[in-house]
file query_3.cif (mmCIF, C-alpha atoms)
data_run
loop_
_atom_site.label_atom_id
_atom_site.label_comp_id
_atom_site.auth_asym_id
_atom_site.auth_seq_id
_atom_site.Cartn_x
_atom_site.Cartn_y
_atom_site.Cartn_z
CA MET A 1 11.30 110.43 73.14
CA ILE A 2 10.14 113.79 71.87
CA ALA A 3 10.86 116.71 74.16
CA LEU A 4 8.65 119.73 74.70
CA SER A 5 11.29 121.89 73.05
CA ASP A 6 10.85 119.97 69.76
CA TYR A 7 7.18 120.88 69.59
CA LEU A 8 7.91 124.49 70.58
CA ILE A 9 10.62 124.88 67.94
CA LEU A 10 8.38 123.31 65.28
CA SER A 11 5.59 125.74 66.04
CA ALA A 12 8.06 128.64 66.18
CA ILE A 13 9.27 127.74 62.68
CA VAL A 14 5.72 127.56 61.30
CA PHE A 15 4.86 130.83 63.07
CA CYS A 16 7.78 132.56 61.38
CA ILE A 17 6.86 131.10 57.99
CA GLY A 18 3.41 132.62 58.43
CA LEU A 19 5.00 135.91 59.48
CA ALA A 20 7.22 135.93 56.38
CA GLY A 21 4.14 135.09 54.30
CA ILE A 22 2.44 138.27 55.51
CA PHE A 23 5.44 140.27 54.29
CA ILE A 24 5.71 138.43 50.98
CA ASN A 25 2.02 138.41 50.02
CA ARG A 26 1.43 141.92 51.30
CA THR A 27 -0.97 142.91 48.54
CA ASN A 28 -3.28 139.90 48.38
CA ILE A 29 -5.84 139.94 51.20
CA ILE A 30 -6.87 136.30 50.72
CA MET A 31 -3.24 135.23 51.19
CA LEU A 32 -2.97 137.49 54.24
CA LEU A 33 -5.98 135.78 55.85
CA MET A 34 -4.53 132.35 55.07
CA CYS A 35 -1.19 133.31 56.62
CA VAL A 36 -3.02 134.42 59.77
CA GLU A 37 -4.67 130.99 59.86
CA LEU A 38 -1.27 129.35 59.59
CA ILE A 39 0.06 131.47 62.48
CA LEU A 40 -2.96 130.49 64.58
CA ALA A 41 -2.37 126.80 63.88
CA ALA A 42 1.24 127.19 65.04
CA VAL A 43 0.22 128.98 68.23
CA ASN A 44 -2.42 126.35 68.95
CA THR A 45 0.26 123.67 68.66
CA ASN A 46 2.17 125.52 71.39
CA PHE A 47 -0.88 125.53 73.65
CA ILE A 48 -1.54 121.82 73.13
CA ALA A 49 2.12 120.90 73.70
CA PHE A 50 2.16 122.78 77.01
CA SER A 51 -1.18 121.23 77.93
CA TYR A 52 0.18 117.72 77.30
CA TYR A 53 3.50 118.18 79.07
CA GLY A 54 1.93 120.10 81.96
CA ASN A 55 -0.92 117.58 82.39
CA ASP A 56 -3.54 120.32 82.30
CA VAL A 57 -6.53 120.14 79.95
CA ALA A 58 -7.21 123.89 80.31
CA GLY A 59 -4.78 124.55 77.46
CA GLN A 60 -6.99 122.50 75.13
CA ILE A 61 -10.04 124.51 76.25
CA PHE A 62 -8.16 127.67 75.29
CA VAL A 63 -7.42 126.22 71.84
CA PHE A 64 -11.12 125.41 71.51
CA PHE A 65 -11.98 129.07 72.05
CA ILE A 66 -9.22 130.22 69.70
CA LEU A 67 -10.71 128.00 66.99
CA THR A 68 -14.15 129.54 67.61
CA VAL A 69 -12.86 133.10 67.39
CA ALA A 70 -10.79 132.28 64.29
CA ALA A 71 -13.84 130.82 62.53
CA ALA A 72 -15.81 133.99 63.27
CA GLU A 73 -12.89 136.10 62.10
CA VAL A 74 -12.66 134.26 58.79
CA ALA A 75 -16.40 134.53 58.17
CA ILE A 76 -16.42 138.30 58.72
CA GLY A 77 -13.07 138.80 56.96
CA LEU A 78 -14.27 137.06 53.82
CA ALA A 79 -17.54 139.02 53.94
CA ILE A 80 -15.55 142.27 54.06
CA LEU A 81 -13.37 140.96 51.23
CA THR A 82 -16.42 140.24 49.09
CA LEU A 83 -17.79 143.73 49.79
CA MET A 84 -14.46 145.30 48.92
CA TYR A 85 -14.26 143.41 45.66
CA ARG A 86 -17.82 144.42 44.82
CA ASN A 87 -17.15 148.10 45.48
CA ARG A 88 -13.65 148.44 44.01
CA GLY A 89 -13.26 145.54 41.61
CA SER A 90 -9.97 144.51 43.19
CA ILE A 91 -8.65 143.00 46.41
CA ASP A 92 -5.31 144.74 46.17
CA VAL A 93 -4.35 146.38 49.47
CA ASP A 94 -2.73 149.28 47.59
CA VAL A 95 -6.09 150.22 46.06
CA THR A 96 -7.66 150.75 49.49
CA ASN A 97 -6.18 154.15 50.20
CA SER A 98 -9.25 156.35 50.38
CA LEU A 99 -8.50 157.27 54.02
CA LYS A 100 -5.03 158.43 53.05
CA GLY A 101 -4.68 162.18 53.58
CA MET B 1 14.44 106.13 67.27
CA GLU B 2 11.02 105.04 68.38
CA PHE B 3 7.89 105.06 66.25
CA THR B 4 6.29 108.22 67.68
CA ALA B 5 9.49 110.16 67.05
CA ILE B 6 9.46 109.03 63.41
CA LEU B 7 5.82 110.14 63.14
CA PHE B 8 6.64 113.48 64.76
CA TYR B 9 9.45 114.23 62.33
CA LEU B 10 7.38 113.06 59.35
CA PHE B 11 4.36 115.23 60.20
CA GLY B 12 6.58 118.10 61.30
CA PHE B 13 8.37 118.02 57.96
CA CYS B 14 5.01 117.96 56.16
CA PHE B 15 3.81 120.90 58.27
CA VAL B 16 6.88 123.06 57.60
CA ALA B 17 7.18 122.10 53.93
CA SER B 18 3.53 122.75 53.09
CA ALA B 19 3.61 126.05 55.01
CA THR B 20 6.71 127.17 53.10
CA LEU B 21 5.23 126.19 49.75
CA MET B 22 2.00 127.94 50.70
CA VAL B 23 3.51 131.33 51.47
CA THR B 24 5.72 131.25 48.38
CA SER B 25 2.97 130.04 46.06
CA ARG B 26 1.82 132.62 43.54
CA ASN B 27 -1.40 130.81 42.76
CA THR B 28 -4.00 131.49 45.46
CA MET B 29 -5.86 128.25 44.71
CA LYS B 30 -2.69 126.20 45.11
CA ALA B 31 -1.91 128.06 48.33
CA ALA B 32 -5.32 127.14 49.75
CA MET B 33 -4.72 123.45 48.93
CA LEU B 34 -1.30 123.56 50.60
CA LEU B 35 -2.85 125.22 53.66
CA ILE B 36 -5.26 122.27 53.86
CA LEU B 37 -2.26 119.91 53.83
CA SER B 38 -0.60 121.87 56.61
CA PHE B 39 -3.81 121.73 58.69
CA PHE B 40 -3.84 117.94 58.26
CA SER B 41 -0.21 117.77 59.42
CA ALA B 42 -1.01 119.99 62.41
CA ALA B 43 -3.94 117.74 63.30
CA SER B 44 -1.66 114.69 63.16
CA ILE B 45 0.79 116.39 65.51
CA TRP B 46 -2.06 117.25 67.87
CA LEU B 47 -3.03 113.55 67.82
CA LEU B 48 0.51 112.71 68.97
CA LEU B 49 -0.11 115.10 71.88
CA GLU B 50 -3.32 113.23 72.82
CA ALA B 51 -5.63 116.09 71.87
CA GLU B 52 -7.95 113.90 69.80
CA PHE B 53 -11.02 116.11 70.01
CA LEU B 54 -9.18 119.23 68.86
CA ALA B 55 -7.43 117.35 66.06
CA ILE B 56 -10.76 116.14 64.69
CA THR B 57 -12.27 119.60 65.21
CA LEU B 58 -9.41 121.15 63.27
CA ILE B 59 -10.11 118.89 60.31
CA LEU B 60 -13.89 119.21 60.48
CA VAL B 61 -14.08 122.96 61.12
CA TYR B 62 -11.01 124.21 59.29
CA VAL B 63 -10.74 121.89 56.32
CA GLY B 64 -14.46 121.22 56.13
CA ALA B 65 -15.83 124.72 56.61
CA VAL B 66 -13.23 127.49 56.67
CA MET B 67 -11.09 126.31 53.77
CA VAL B 68 -14.16 125.51 51.68
CA LEU B 69 -15.26 129.09 52.32
CA PHE B 70 -11.82 130.29 51.21
CA LEU B 71 -11.96 128.21 48.03
CA PHE B 72 -15.48 129.48 47.36
CA VAL B 73 -14.36 133.10 47.66
CA ILE B 74 -11.25 132.49 45.51
CA LYS B 75 -13.36 130.95 42.76
CA MET B 76 -16.09 133.59 43.06
CA LEU B 77 -13.82 136.64 42.90
CA ASN B 78 -12.00 136.80 39.63
CA VAL B 79 -8.72 138.01 41.06
CA ASP B 80 -6.22 139.30 38.58
CA GLN B 81 -3.11 137.31 39.42
CA SER B 82 -0.76 139.21 37.14
CA THR B 83 -0.90 142.50 39.07
CA LEU B 84 -0.37 140.64 42.32
CA ARG B 85 2.61 138.76 40.94
CA ALA B 86 4.49 141.91 40.03
CA LYS B 87 4.70 143.01 43.66
CA PHE B 88 5.59 139.53 44.91
CA THR B 89 9.35 139.74 45.19
CA LYS B 90 9.51 143.32 46.46
CA TYR B 91 9.25 142.44 50.15
CA LEU B 92 10.74 138.93 49.95
CA PRO B 93 14.18 139.84 51.43
CA LEU B 94 12.64 141.81 54.28
CA GLY B 95 10.18 139.03 55.09
CA VAL B 96 12.85 136.32 55.08
CA ALA B 97 15.14 138.48 57.22
CA VAL B 98 12.46 139.19 59.83
CA ALA B 99 11.42 135.52 59.92
CA ALA B 100 15.04 134.37 60.31
CA ILE B 101 15.65 136.81 63.17
CA VAL B 102 12.46 135.76 64.99
CA ILE B 103 13.25 132.04 64.51
CA GLY B 104 16.77 132.65 65.89
CA GLN B 105 15.44 134.47 68.95
CA MET B 106 12.78 131.83 69.62
CA VAL B 107 15.23 128.93 69.29
CA LEU B 108 17.56 130.68 71.73
CA VAL B 109 14.77 130.70 74.31
CA LEU B 110 13.02 127.42 73.46
CA ASN B 111 16.13 125.23 73.20
CA ALA B 112 16.54 121.80 74.75
CA GLY B 113 18.25 123.28 77.79
CA GLN B 114 15.14 125.17 78.83
CA PHE B 115 12.37 122.83 77.70
CA GLY B 116 14.21 119.56 77.03
CA LEU B 117 13.40 116.20 78.55
CA ASP B 118 15.62 116.99 81.55
CA ALA B 119 13.63 120.12 82.36
CA VAL B 120 10.16 118.87 81.43
CA ALA B 121 9.75 115.11 81.57
CA GLU B 122 7.42 113.46 79.09
CA PRO B 123 4.23 112.42 80.91
CA ALA B 124 3.05 108.84 80.82
CA ARG B 125 0.63 107.95 78.04
CA HIS B 126 -2.98 107.51 79.11
CA ALA B 127 -4.69 104.14 79.17
CA PRO B 128 -6.35 102.97 75.92
CA ASP B 129 -9.84 103.59 77.33
CA TYR B 130 -9.02 107.22 78.24
CA SER B 131 -11.48 109.63 76.68
CA ASN B 132 -10.14 113.04 75.80
CA ILE B 133 -13.63 114.26 74.93
CA THR B 134 -15.04 113.30 78.35
CA GLU B 135 -12.29 115.10 80.19
CA LEU B 136 -12.62 118.17 78.00
CA ALA B 137 -16.40 118.21 78.42
CA ASN B 138 -16.13 117.86 82.21
CA LEU B 139 -14.06 121.04 82.30
CA LEU B 140 -15.91 122.90 79.55
CA TYR B 141 -19.39 122.49 81.05
CA THR B 142 -18.36 123.26 84.64
CA ALA B 143 -15.52 125.73 85.04
CA TYR B 144 -15.71 127.24 81.57
CA VAL B 145 -19.47 127.27 80.99
CA TYR B 146 -19.74 131.07 80.75
CA PRO B 147 -16.91 131.39 78.19
CA PHE B 148 -18.60 128.55 76.29
CA GLU B 149 -21.89 130.48 76.15
CA LEU B 150 -20.01 133.64 75.19
CA ALA B 151 -18.41 131.72 72.31
CA ALA B 152 -21.88 130.72 71.13
CA VAL B 153 -23.01 134.36 71.24
CA LEU B 154 -19.86 135.35 69.36
CA LEU B 155 -20.65 132.87 66.60
CA LEU B 156 -24.21 134.21 66.40
CA ILE B 157 -22.85 137.76 66.06
CA ALA B 158 -20.48 136.55 63.34
CA ILE B 159 -23.37 134.98 61.41
CA ILE B 160 -25.47 138.14 61.66
CA ALA B 161 -22.51 140.36 60.74
CA ALA B 162 -21.53 138.30 57.71
CA ILE B 163 -25.09 138.21 56.39
CA THR B 164 -25.65 141.93 57.03
CA LEU B 165 -22.42 142.86 55.31
CA VAL B 166 -22.98 141.03 52.05
CA HIS B 167 -26.77 141.25 51.86
CA ARG B 168 -27.88 143.37 48.93
CA THR B 169 -31.05 145.39 49.22
CA GLY B 170 -32.75 146.69 46.14
CA SER B 171 -33.32 145.14 42.78
CA ARG B 172 -31.96 141.68 43.54
CA SER B 173 -33.87 140.95 46.73
CA LYS B 174 -37.49 139.84 46.47
CA LYS B 175 -39.25 141.10 49.55
CA GLN B 176 -42.93 141.09 50.45
CA ASN B 177 -44.60 144.42 51.13
CA ILE B 178 -47.36 143.35 53.49
CA SER B 179 -49.36 146.60 53.56
CA GLU B 180 -49.32 146.77 49.79
CA GLN B 181 -50.61 143.21 49.62
CA VAL B 182 -53.41 143.83 52.14
CA ASN B 183 -54.56 147.12 50.63
CA VAL B 184 -54.62 145.90 47.07
CA GLN B 185 -57.76 146.72 45.07
CA ALA B 186 -59.30 144.69 42.30
CA LYS B 187 -58.53 147.40 39.76
CA ASP B 188 -54.80 147.13 40.52
CA ARG B 189 -54.63 143.49 39.58
CA MET B 190 -57.27 143.07 36.87
CA ARG B 191 -57.78 144.96 33.68
CA ILE B 192 -60.93 144.52 31.66
CA VAL B 193 -60.29 144.84 27.99
CA SER B 194 -63.13 144.90 25.59
CA ILE B 195 -62.31 142.94 22.48
CA PRO B 196 -64.75 143.36 19.68
CA SER B 197 -66.09 140.13 18.33
CA GLY B 198 -66.33 139.51 14.65
CA LYS B 199 -63.97 139.40 11.70
CA ASN B 200 -61.56 142.09 12.78
CA GLY B 201 -60.95 140.56 16.20
CA GLU B 202 -60.32 137.02 15.04
CA LYS B 203 -56.83 135.72 14.87
CA LYS B 204 -55.67 134.17 11.64
#
call {"tool": "encode", "arguments": {"input": "query_3.cif", "output": "structure tokens"}}
result
Amino acid sequence: MIALSDYLILSAIVFCIGLAGIFINRTNIIMLLMCVELILAAVNTNFIAFSYYGNDVAGQIFVFFILTVAAAEVAIGLAILTLMYRNRGSIDVDVTNSLKG
Amino acid sequence: MEFTAILFYLFGFCFVASATLMVTSRNTMKAAMLLILSFFSAASIWLLLEAEFLAITLILVYVGAVMVLFLFVIKMLNVDQSTLRAKFTKYLPLGVAVAAIVIGQMVLVLNAGQFGLDAVAEPARHAPDYSNITELANLLYTAYVYPFELAAVLLLIAIIAAITLVHRTGSRSKKQNISEQVNVQAKDRMRIVSIPSGKNGEKK
């Protein structure tokens, strides 16, 4: 028998791995986007676990919308990334400091 | 230990291990492959939770579309890995410390005492002919029909935004100029050259 807490702890661990990944790969925007995807997968697991143990399908609907928004986010994020590479020749976060006073 | 528990621990281990290898990988291509593995593990765990439609959607949309887009961008942009590697270890201790603290806090709240089997009993499995897609569709097209349409509009906006952002005007785009085409004169397109006949004009 798997308890709800097992699923919650699993997704908490993956969430924190994604969080640490954002710190570690701070300069590479592609890695940052992939870490955000990992965090979203962990959070979606939370939603689905609560939906299963609470017998309510609305949690799965919410995950459906999160997936939609995340797909849109990735499409626009990668478009911005391509533009940035085209204009600056690098995707290093430290290079994007033109707004710095 | 029953079979579903074995599956849960197997896929959970795969999920955590591939996520850890992904964030510590210095090769972006390898990281994308490991992220695909972690999406597959997440989809397997969602199958254990009887969310079949979302598990298949995760594989189709994320592995099939989003990760292919990531791989495409990684291959297209020639990212200099050596400059990125130099800064890799600088924030490693801080990241691990923050992650450890957050995991500790979450486990304190989400432990078996709060959300264990005594607090939240495992629901009975559905019958073999239960359709997750039918139940999801019944809710999605009745109570959540406006959010569903909004999601469609959001995707349309994302398509337009992505195309507008990366579209290049100028030398590389071949556009028609309709008024120029309509108002064209014969002298713009045709040039009459008089070539003298005879010995000098002949080609050898």
call {"tool": "atom_distance", "arguments": {"input": "query_3.cif", "atom1": "atom CA of B:Glu135", "atom2": "atom CA of A:Asp6"}}
result
25.8 Å
call {"tool": "interface_residues", "arguments": {"input": "query_3.cif", "of": "chain A", "to": "chain B", "cutoff": "6 Å", "atoms": "all atoms listed in the file", "output": "list in words"}}
result
Ala3, Leu4, Ser5, Val14, Cys16, Ala20, Gly21, Phe23, Ile24, Ala72, Ile76 and Ala79 of chain A
call {"tool": "residues_around", "arguments": {"input": "query_3.cif", "residues": "A:Asn44", "least_positions_apart": "3", "cutoff": "12 Å", "atoms": "only C-alpha atoms", "output": "PyMOL selection string"}}
result
(chain A and resi 7-8+10-12+14-15+37-41+47-51+59-67+70) or (chain B and resi 39+42-43+45-46+49+51+54-55+58)
call {"tool": "atom_distance", "arguments": {"input": "query_3.cif", "atom1": "atom CA of B:Val68", "atom2": "atom CA of A:Val57"}}
result
29.8 Å
call {"tool": "residues_around", "arguments": {"input": "query_3.cif", "residues": "A:Asp94", "least_positions_apart": "6", "cutoff": "10 Å", "atoms": "only C-alpha atoms", "output": "MDAnalysis selection string"}}
result
chainID A and resid 26:28
call {"tool": "atom_distance", "arguments": {"input": "query_3.cif", "atom1": "atom CA of A:Leu33", "atom2": "atom CA of B:Glu149"}}
result
26.3 Å
call {"tool": "decode", "arguments": {"input": "query_3.cif", "residues": "stretch 128-170 of chain B", "atoms": "N, CA and C atoms", "output": "JSON list (two decimals), in the first residue's frame"}}
result
[["chain", "number", "residue", "atom", "x", "y", "z"],
["B", 128, "PRO", "N", -12.07, -2.47, -14.35],
["B", 128, "PRO", "CA", -11.24, -2.49, -15.56],
["B", 128, "PRO", "C", -11.82, -1.71, -16.74],
["B", 129, "ASP", "N", -13.17, -1.57, -16.78],
["B", 129, "ASP", "CA", -13.76, -0.85, -17.92],
["B", 129, "ASP", "C", -13.94, 0.63, -17.62],
["B", 130, "TYR", "N", -13.33, 1.12, -16.54],
["B", 130, "TYR", "CA", -13.42, 2.55, -16.21],
["B", 130, "TYR", "C", -12.59, 3.35, -17.20],
["B", 131, "SER", "N", -13.19, 4.43, -17.70],
["B", 131, "SER", "CA", -12.48, 5.26, -18.67],
["B", 131, "SER", "C", -12.14, 6.60, -18.05],
["B", 132, "ASN", "N", -10.86, 6.82, -17.87],
["B", 132, "ASN", "CA", -10.38, 8.09, -17.32],
["B", 132, "ASN", "C", -10.68, 9.24, -18.27],
["B", 133, "ILE", "N", -10.54, 8.95, -19.59],
["B", 133, "ILE", "CA", -10.74, 10.00, -20.59],
["B", 133, "ILE", "C", -12.19, 10.46, -20.60],
["B", 134, "THR", "N", -13.14, 9.51, -20.47],
["B", 134, "THR", "CA", -14.55, 9.88, -20.48],
["B", 134, "THR", "C", -14.89, 10.77, -19.29],
["B", 135, "GLU", "N", -14.37, 10.39, -18.13],
["B", 135, "GLU", "CA", -14.68, 11.18, -16.95],
["B", 135, "GLU", "C", -14.07, 12.58, -17.04],
["B", 136, "LEU", "N", -12.85, 12.62, -17.56],
["B", 136, "LEU", "CA", -12.18, 13.92, -17.71],
["B", 136, "LEU", "C", -12.93, 14.79, -18.72],
["B", 137, "ALA", "N", -13.36, 14.17, -19.81],
["B", 137, "ALA", "CA", -14.06, 14.93, -20.86],
["B", 137, "ALA", "C", -15.40, 15.44, -20.35],
["B", 138, "ASN", "N", -16.10, 14.61, -19.54],
["B", 138, "ASN", "CA", -17.39, 15.04, -19.00],
["B", 138, "ASN", "C", -17.24, 16.31, -18.18],
["B", 139, "LEU", "N", -16.14, 16.41, -17.44],
["B", 139, "LEU", "CA", -15.92, 17.60, -16.62],
["B", 139, "LEU", "C", -15.38, 18.75, -17.46],
["B", 140, "LEU", "N", -14.49, 18.42, -18.40],
["B", 140, "LEU", "CA", -13.80, 19.47, -19.16],
["B", 140, "LEU", "C", -14.76, 20.21, -20.08],
["B", 141, "TYR", "N", -15.74, 19.49, -20.66],
["B", 141, "TYR", "CA", -16.62, 20.13, -21.63],
["B", 141, "TYR", "C", -17.89, 20.65, -21.00],
["B", 142, "THR", "N", -18.04, 20.52, -19.67],
["B", 142, "THR", "CA", -19.22, 21.10, -19.02],
["B", 142, "THR", "C", -18.80, 22.21, -18.06],
["B", 143, "ALA", "N", -18.19, 21.84, -16.96],
["B", 143, "ALA", "CA", -17.88, 22.83, -15.93],
["B", 143, "ALA", "C", -16.70, 23.70, -16.32],
["B", 144, "TYR", "N", -15.77, 23.13, -17.10],
["B", 144, "TYR", "CA", -14.54, 23.86, -17.39],
["B", 144, "TYR", "C", -14.43, 24.23, -18.86],
["B", 145, "VAL", "N", -15.58, 24.49, -19.50],
["B", 145, "VAL", "CA", -15.52, 24.73, -20.95],
["B", 145, "VAL", "C", -14.91, 26.10, -21.26],
["B", 146, "TYR", "N", -15.17, 27.10, -20.42],
["B", 146, "TYR", "CA", -14.56, 28.42, -20.68],
["B", 146, "TYR", "C", -13.05, 28.42, -20.45],
["B", 147, "PRO", "N", -12.55, 27.82, -19.36],
["B", 147, "PRO", "CA", -11.08, 27.69, -19.26],
["B", 147, "PRO", "C", -10.48, 26.91, -20.42],
["B", 148, "PHE", "N", -11.22, 25.91, -20.92],
["B", 148, "PHE", "CA", -10.72, 25.12, -22.05],
["B", 148, "PHE", "C", -10.55, 26.00, -23.28],
["B", 149, "GLU", "N", -11.57, 26.87, -23.54],
["B", 149, "GLU", "CA", -11.47, 27.76, -24.70],
["B", 149, "GLU", "C", -10.38, 28.79, -24.50],
["B", 150, "LEU", "N", -10.23, 29.26, -23.25],
["B", 150, "LEU", "CA", -9.16, 30.21, -22.95],
["B", 150, "LEU", "C", -7.80, 29.58, -23.21],
["B", 151, "ALA", "N", -7.67, 28.28, -22.88],
["B", 151, "ALA", "CA", -6.39, 27.59, -23.12],
["B", 151, "ALA", "C", -6.11, 27.54, -24.62],
["B", 152, "ALA", "N", -7.16, 27.33, -25.41],
["B", 152, "ALA", "CA", -6.97, 27.31, -26.87],
["B", 152, "ALA", "C", -6.49, 28.67, -27.36],
["B", 153, "VAL", "N", -7.11, 29.75, -26.82],
["B", 153, "VAL", "CA", -6.69, 31.10, -27.22],
["B", 153, "VAL", "C", -5.25, 31.36, -26.80],
["B", 154, "LEU", "N", -4.91, 30.86, -25.61],
["B", 154, "LEU", "CA", -3.54, 31.03, -25.11],
["B", 154, "LEU", "C", -2.53, 30.37, -26.04],
["B", 155, "LEU", "N", -2.87, 29.16, -26.51],
["B", 155, "LEU", "CA", -1.96, 28.47, -27.43],
["B", 155, "LEU", "C", -1.83, 29.24, -28.74],
["B", 156, "LEU", "N", -2.96, 29.82, -29.21],
["B", 156, "LEU", "CA", -2.92, 30.60, -30.44],
["B", 156, "LEU", "C", -2.00, 31.80, -30.26],
["B", 157, "ILE", "N", -2.13, 32.48, -29.09],
["B", 157, "ILE", "CA", -1.27, 33.63, -28.82],
["B", 157, "ILE", "C", 0.20, 33.20, -28.78],
["B", 158, "ALA", "N", 0.45, 32.02, -28.19],
["B", 158, "ALA", "CA", 1.83, 31.53, -28.11],
["B", 158, "ALA", "C", 2.39, 31.28, -29.51],
["B", 159, "ILE", "N", 1.56, 30.71, -30.39],
["B", 159, "ILE", "CA", 2.02, 30.47, -31.77],
["B", 159, "ILE", "C", 2.38, 31.78, -32.43],
["B", 160, "ILE", "N", 1.45, 32.76, -32.33],
["B", 160, "ILE", "CA", 1.68, 34.05, -33.01],
["B", 160, "ILE", "C", 2.91, 34.73, -32.42],
["B", 161, "ALA", "N", 3.04, 34.67, -31.08],
["B", 161, "ALA", "CA", 4.18, 35.34, -30.44],
["B", 161, "ALA", "C", 5.50, 34.72, -30.86],
["B", 162, "ALA", "N", 5.54, 33.37, -30.88],
["B", 162, "ALA", "CA", 6.79, 32.71, -31.24],
["B", 162, "ALA", "C", 7.19, 33.03, -32.67],
["B", 163, "ILE", "N", 6.20, 33.03, -33.58],
["B", 163, "ILE", "CA", 6.52, 33.31, -34.99],
["B", 163, "ILE", "C", 6.94, 34.77, -35.13],
["B", 164, "THR", "N", 6.22, 35.69, -34.46],
["B", 164, "THR", "CA", 6.56, 37.11, -34.59],
["B", 164, "THR", "C", 7.95, 37.40, -34.04],
["B", 165, "LEU", "N", 8.31, 36.71, -32.96],
["B", 165, "LEU", "CA", 9.60, 36.99, -32.35],
["B", 165, "LEU", "C", 10.76, 36.59, -33.25],
["B", 166, "VAL", "N", 10.68, 35.40, -33.85],
["B", 166, "VAL", "CA", 11.86, 34.93, -34.58],
["B", 166, "VAL", "C", 11.78, 35.21, -36.07],
["B", 167, "HIS", "N", 10.66, 35.80, -36.52],
["B", 167, "HIS", "CA", 10.55, 36.04, -37.96],
["B", 167, "HIS", "C", 11.47, 37.18, -38.36],
["B", 168, "ARG", "N", 12.24, 36.95, -39.43],
["B", 168, "ARG", "CA", 13.18, 37.95, -39.89],
["B", 168, "ARG", "C", 12.61, 38.66, -41.10],
["B", 169, "THR", "N", 12.48, 39.97, -41.03],
["B", 169, "THR", "CA", 12.11, 40.71, -42.23],
["B", 169, "THR", "C", 13.38, 41.18, -42.90],
["B", 170, "GLY", "N", 13.27, 41.46, -44.19],
["B", 170, "GLY", "CA", 14.45, 41.96, -44.88],
["B", 170, "GLY", "C", 14.94, 40.98, -45.92]]
